[in-house]
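Since the structure comes first, as structure tokens, the remarks are kept for the end.
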Amino acid sequence: MGNREDLLAGARRCLEEKGYLRTTVRDIATASGVSMAAIGYHFGSREALLNQALFAAMEEWAAGSGRLAGEGETAGERYADTWDRKIRDFGETRWLWLASVEAFVHAQSSPELLAILAEGQRRNRRMVAAALRGVPPQEVSEEDVRALGSLHIALLSGVMVQTLTDPEQAPDGRELLQGLRSMVGLLEG
């Protein structure tokens, strides 16, 4: 690997071990075996390097989080199973979700990072709505992006926080499905 790749790998190790906010330039240089000056040369700043490492890890997670529908499963069963996998992932890749929350907090004082995160949310709304509808992203209506995608992203964030805070009491996929059905019943009744 070259210095750039070594720095990305070192930044990821630091995110896993120390998180977003506590990782220093020195930590990354030590973990990567590359000089501190190389961070500025290749990425411009510690923040830009950490952002790239974090976003790459999130994309890696997203690419591995899909699954094919089981034969004979209902849409509700697939939805609950998908949630069970996501909840399990929150525990297995705890560092990733904690680092993403830290990045969100940091973004409140970093307009550049806030813009990147906002753009990511816009893309994710469309991807989630497309996955739920079972259609390619370009075929999703704007109404579904705003309503279905936004609702699911809100659920995802809330369930992630519950799982990281109190994993023993966090809901599972069947409970989330039942909660959504109960909410629809309340709204329609």
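By convention here, the chains of the structure tokens are called A, B, ... in the order presented, each chain's residues are numbered starting at 1, and ligands are numbered starting at 1 in the order presented.
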Problem - Near-range 113-121 of chain A list (12 Å; only C-alpha atoms; drop same-chain fewer than 2 positions) as a ChimeraX atom specification - result: /A:47-52,54-55,58-59,100-111,123-128,145-146,149-154,156-157
Exercise for the section: Could you tell me, as a PyMOL selection string, which residues of range 3-184 of chain A DSSP assigns to helix (DSSP H, G or I) when given the backbone? Expected result: chain A and resi 3-18+25-32+36-43+46-63+75-92+94-107+111-133+137-139+142-165+173-184
Handout entry: Given only C-alpha atoms as the counted atoms, nearest of A:Leu148, A:Leu15, A:Ala38, A:Ala80 to Thr93 in chain A
Key =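 Ranked by minimum distance to Thr93 in chain A, first place goes to A:Leu15.
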Proximity of range 47-144 of chain A to range 167-173 of chain A: per-residue shortest pair, 12 Å limit, only C-alpha atoms, as a tab-separated table:
```
residue	atom	partner	partner_atom	distance
A:Gly76	CA	A:Gly173	CA	9.6
A:Glu77	CA	A:Gly173	CA	8.8
A:Arg78	CA	A:Gly173	CA	9.4
A:Tyr79	CA	A:Gly173	CA	7.4
A:Ala80	CA	A:Gly173	CA	4.0
A:Asp81	CA	A:Gly173	CA	6.1
A:Thr82	CA	A:Gly173	CA	7.3
A:Trp83	CA	A:Gly173	CA	4.7
A:Asp84	CA	A:Gly173	CA	4.9
A:Arg85	CA	A:Gly173	CA	8.5
A:Lys86	CA	A:Gly173	CA	9.0
A:Ile87	CA	A:Asp172	CA	7.2
A:Arg88	CA	A:Asp172	CA	9.3
A:Asp89	CA	A:Pro167	CA	11.8
A:Phe90	CA	A:Pro167	CA	9.4
A:Gly91	CA	A:Pro167	CA	7.9
A:Glu92	CA	A:Pro167	CA	11.6
A:Arg94	CA	A:Pro167	CA	11.0
```
Handout entry: Separation of CA of Arg122 in chain A from CA of Leu177 in chain A, in Å and rounded to one decimal
Key =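 Rounded to one decimal, the two atoms are 24.2 Å apart.
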Problem - Using only C-alpha atoms: which of A:Leu132, A:Thr165, A:Ile39, A:Arg46 has the shortest distance to Thr24 in chain A - result: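 Going through A:Leu132, A:Thr165, A:Ile39, A:Arg46 one by one, the smallest distance to Thr24 in chain A is for A:Arg46.
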